[in-house]
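**Q** Can you read through this structure? Questions will come right after.
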Amino acid sequence: MSRKKRKISFKYNLGEYWKVLKNYKALFFSLLVVSLLVEALFTVDKFLFKRIIDDGSLFIEGTLLQSVFVQTLFVVLFVFIGIVVARVAGKFLLLHLMNILTSKQMRDIKIKYFNHILRLSHNFHTTHKTGSLISRLGRGSGAVESMTDIIIFNVAPLAFQLVIVGLSLAYFSLIPALSILVITILFISYSFIIQQKQQVHKLRFIQSQDREKAFIGDVFTNVDAIKYYGRENNITRRFDLLTRITRSRAIKDWNYYRWFDAGQLFILAIGSFLLIYFPLTQFLAKEITLGTLVFIYTIYGNVVGPMFGFVYGMRGFYRSMADFQDLFEYGKIENDIKNKPGAKEIDIKYGEIEFKNVDFNYGRRSIFKNFNLKIKPNEKVALVGHSGSGKTTLVKLLNRFYDVNAGGIFIDGKDIREFKQESVRGETGIVPQECILFDDSLYNNIRFADRKAPKNKIIEAIKLAQLDKIVKNFPAKGNTIVGERGIRLSGGEKQRVSIARAILANKKILILDEATSALDSETEHEIQLALSNLLKGRTSIIIAHRLSTIMSADRIIVLKEGKIIQQGTHNDLIRQTGEYKKLWNLQKGGYIE
């Protein structure tokens with residue numbers, strides 16, 4: 001659907017909101033009752049004022065004794081004090097209950113959609129900008145608070161006042177009651193029509209804001225690359241263009257508020273005229289008392305305020321709906337990789353891996369066709385080949401980031417699709433090419449692989465990863481905060497943390513994806529010794545461009561365009577005429593491009 005034709009799905013969004021609200025129905029209805037009582041108290045004081053004027057008129061005329069009038073004033077005073085106290089207590093209770101309700105709702109919606117987005121497929125996260133995800137999650141959870149505020153503070157007061165004021169006026173005179181009803185309907189209808197026209201422009205404005213935030217997130221995440229290539233001016237020009245678009249769309253959205261104010265003031269002017277003219281003619285005809293006339297004029301304010309509040313709430317309602325729309329759209333996205341009903345946790349005992357008759361496509365691009373590979377328990381297998389040959393894809397398939405189109409992948413003779421995808425991933429250790437760390441302590445980043453690991457195990461993993469000499473020079477040792485994405489560590493230090501994680505995880509299957517690519521030669525040699533001990537008794541898949549790092553592998557698989565074109569030990573392959581020998585001669589211990 002094009003953005004121009006994009007509409008808010010009110011039914012779906014309100015349905016999702018109700019799913020969050022229905023868990024707290026008792027609390028919500030308690031809020032409505034308190035709100036009704038508070039609004040009713042704002043009408044009672046108008047009755048008191050009417051009583052004072054009517055009795056005062058009788059006193060001036062001499063038909064009411066002074067003692068009786070004074071007694072009435074004292075009664076009115078005490079009742080008014082009681083009303084004020086009740087209002088204050090009611091308002092306090094209303095806000096207290098609101099804080100409880102909205103905080104619970106916001107937490108529920110954040111947890112629901114955070115968990116849902118987190119569990120969406122690898123493909124989803126590679127095709128959606130992080131900045132936009134964060135923006136939508138924040139705005140969507142904030143919209144829950146706004147929506148509840150609108151119901152309690154904008155919609156309920158007008159509904160209650162219309163009933164209370166309408167019945168009160170109808171008791172004295174039907175014409176003012178009908179006048180207020182007509183004015184309210186006109187006021188709300190006009191505001192609703194303008195809101196509908198504004199809807200498309202509001203969505204476009206919000207989309208522009210999301211693109212801005214996504215761009216900002218992308219820029220600051222990759223700020224080093226921008227500075228290395230001296231592209232600050234290019235980036236500022238692109239951001240300038242984005243802000244121009246956002247400003248243009250903001251003006252189109254905000255211009256509708258001119259029509260709001262002008263039309264609403266005109267409708268209220270008509271209402272004021274009706275409420276002045278008809279009650280005044282009735283008063284002159286002695287059909288109503290002076291107190292009733294004043295009551296009609298003063299109680300009109302009880303409706304005008306909530307009417308403006310309601311329209312303000314309508315603006316917030318549409319904004320909340322737009323924010324809901326952006327977040328709740330993620331709720332419609334299903335995970336590409338699904339667990340079968342009744343799927344169990346996998347328990348890897350031997351570590352045998354088999355890719356059997358595997359077909360796999362990235363969209364229309366075929367990666368594997370009838371691919372077969374069997375890895376024995378405890379075997380160290382290296383995958384080599386040019387970029388795009390399928391090495392990393394095999395690892396992603398093994399971890400069920402994607403499911404095969406045909407064939408199957410088996411661990412210990414069992415199809416991995418029979419098990420929960422999280423357990424399959426959790427039972428394989430990995431040292432990725434790029435280690436991404438959390439903005440937390442060094443210890444906690446390593447403990448991420450095993451949250452229950454005692455400190456002595458973490459220290460042991462640090463030593464095996466050749467990280468201990470570095471850690472002892474840190475100001476806070478293992479409690480040093482590594483910064484966002486590990487920015488305070490060098491590439492080699494981050495890679496050692498990644499290796500320490502894999503050591504701590506202690507899994508039967510281990511994947512090394514360019515595990516030492518960011519290390520200098522001396523450190524690489526030290527870590528290769530640690531890795532050789534780590535790899536004992538484990539099934540290992542090693543992806544490497546630097547062929548010198550895989551010379552000791554039990555078997556080297558040479559891939560080209562998703563096919564195995566050679567396999568054997570290093571010594572076997574360099575004696576053969578073929579792709580491996582060609583690659584070896586090209587790089588002489590360097591990298592395959």
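Chain labels A, B, ... are given in the sequence in which chains occur in the structure tokens; within each chain residues are numbered consecutively from 1, and ligands are likewise numbered from 1 in the order shown.
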Contacts of region 496-503 of chain A at 10 Å or less, counting only C-alpha atoms, minus same-chain residues fewer than 3 places along, as a PyMOL selection string?

**A** chain A and resi 428-437+442-443+445-450+457-468+486+489-493+506-507+510-512+515-516+518-519+523-524+527+530-531+534-535

**Q** Mind listing the strand (DSSP E) residues of region 135-371 of chain A, per DSSP on the backbone, as a PDB file with N, CA and C atoms, in the first residue's frame?

**A**
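Saved the output as part-v2.pdb:
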```pdb
ATOM      1  N   ILE A 353      26.791 -33.472  12.625  1.00  0.00           N
ATOM      2  CA  ILE A 353      26.010 -32.519  11.828  1.00  0.00           C
ATOM      3  C   ILE A 353      25.901 -33.030  10.401  1.00  0.00           C
ATOM      4  N   GLU A 354      24.708 -32.949   9.836  1.00  0.00           N
ATOM      5  CA  GLU A 354      24.541 -33.368   8.445  1.00  0.00           C
ATOM      6  C   GLU A 354      23.600 -32.408   7.705  1.00  0.00           C
ATOM      7  N   PHE A 355      24.083 -31.887   6.590  1.00  0.00           N
ATOM      8  CA  PHE A 355      23.261 -31.134   5.647  1.00  0.00           C
ATOM      9  C   PHE A 355      22.887 -32.119   4.542  1.00  0.00           C
ATOM     10  N   LYS A 356      21.601 -32.421   4.452  1.00  0.00           N
ATOM     11  CA  LYS A 356      21.166 -33.508   3.552  1.00  0.00           C
ATOM     12  C   LYS A 356      20.216 -32.973   2.486  1.00  0.00           C
ATOM     13  N   ASN A 357      20.669 -33.034   1.228  1.00  0.00           N
ATOM     14  CA  ASN A 357      19.859 -32.619   0.068  1.00  0.00           C
ATOM     15  C   ASN A 357      19.250 -31.226   0.266  1.00  0.00           C
ATOM     16  N   VAL A 358      20.058 -30.310   0.727  1.00  0.00           N
ATOM     17  CA  VAL A 358      19.564 -28.982   1.094  1.00  0.00           C
ATOM     18  C   VAL A 358      19.411 -28.080  -0.132  1.00  0.00           C
ATOM     19  N   ASP A 359      18.226 -27.486  -0.251  1.00  0.00           N
ATOM     20  CA  ASP A 359      17.976 -26.408  -1.209  1.00  0.00           C
ATOM     21  C   ASP A 359      17.671 -25.147  -0.402  1.00  0.00           C
ATOM     22  N   PHE A 360      18.254 -24.033  -0.819  1.00  0.00           N
ATOM     23  CA  PHE A 360      17.965 -22.781  -0.110  1.00  0.00           C
ATOM     24  C   PHE A 360      18.134 -21.609  -1.054  1.00  0.00           C
ATOM     25  N   ASN A 361      17.159 -20.684  -0.981  1.00  0.00           N
ATOM     26  CA  ASN A 361      17.189 -19.461  -1.785  1.00  0.00           C
ATOM     27  C   ASN A 361      17.108 -18.241  -0.888  1.00  0.00           C
ATOM     28  N   TYR A 362      17.849 -17.182  -1.254  1.00  0.00           N
ATOM     29  CA  TYR A 362      17.631 -15.843  -0.700  1.00  0.00           C
ATOM     30  C   TYR A 362      16.717 -15.132  -1.676  1.00  0.00           C
ATOM     31  N   ARG A 365      17.318 -15.595  -5.454  1.00  0.00           N
ATOM     32  CA  ARG A 365      18.710 -16.017  -5.656  1.00  0.00           C
ATOM     33  C   ARG A 365      18.941 -17.382  -5.029  1.00  0.00           C
ATOM     34  N   SER A 366      19.328 -18.350  -5.833  1.00  0.00           N
ATOM     35  CA  SER A 366      19.585 -19.711  -5.348  1.00  0.00           C
ATOM     36  C   SER A 366      20.986 -19.776  -4.744  1.00  0.00           C
ATOM     37  N   ILE A 367      21.074 -20.254  -3.498  1.00  0.00           N
ATOM     38  CA  ILE A 367      22.368 -20.384  -2.821  1.00  0.00           C
ATOM     39  C   ILE A 367      22.827 -21.843  -2.834  1.00  0.00           C
ATOM     40  N   PHE A 368      21.936 -22.745  -2.424  1.00  0.00           N
ATOM     41  CA  PHE A 368      22.267 -24.171  -2.402  1.00  0.00           C
ATOM     42  C   PHE A 368      21.229 -24.964  -3.174  1.00  0.00           C
ATOM     43  N   LYS A 369      21.714 -25.969  -3.890  1.00  0.00           N
ATOM     44  CA  LYS A 369      20.829 -26.877  -4.631  1.00  0.00           C
ATOM     45  C   LYS A 369      21.324 -28.299  -4.405  1.00  0.00           C
ATOM     46  N   ASN A 370      20.498 -29.080  -3.703  1.00  0.00           N
ATOM     47  CA  ASN A 370      20.836 -30.472  -3.400  1.00  0.00           C
ATOM     48  C   ASN A 370      22.222 -30.564  -2.744  1.00  0.00           C
ATOM     49  N   PHE A 371      22.428 -29.735  -1.728  1.00  0.00           N
ATOM     50  CA  PHE A 371      23.721 -29.664  -1.040  1.00  0.00           C
ATOM     51  C   PHE A 371      23.810 -30.744   0.034  1.00  0.00           C
TER      52      PHE A 371
END
```

**Q** Which one is closest to Glu212 (chain A): A:Lys286, A:Lys252, A:Lys452, A:Lys129? Count only C-alpha atoms.

**A**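 Checking each candidate against Glu212 (chain A), we get A:Lys129 as the closest.
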
**Q** I'd like the neighbourhood of Arg315 (chain A) as a PyMOL selection string, where a residue qualifies if any of its atoms comes within 10 Å (using only C-alpha atoms), though same-chain residues fewer than 3 positions away should be ignored.

**A** chain A and resi 150+191-192+195+198-199+257+309-312+318-321
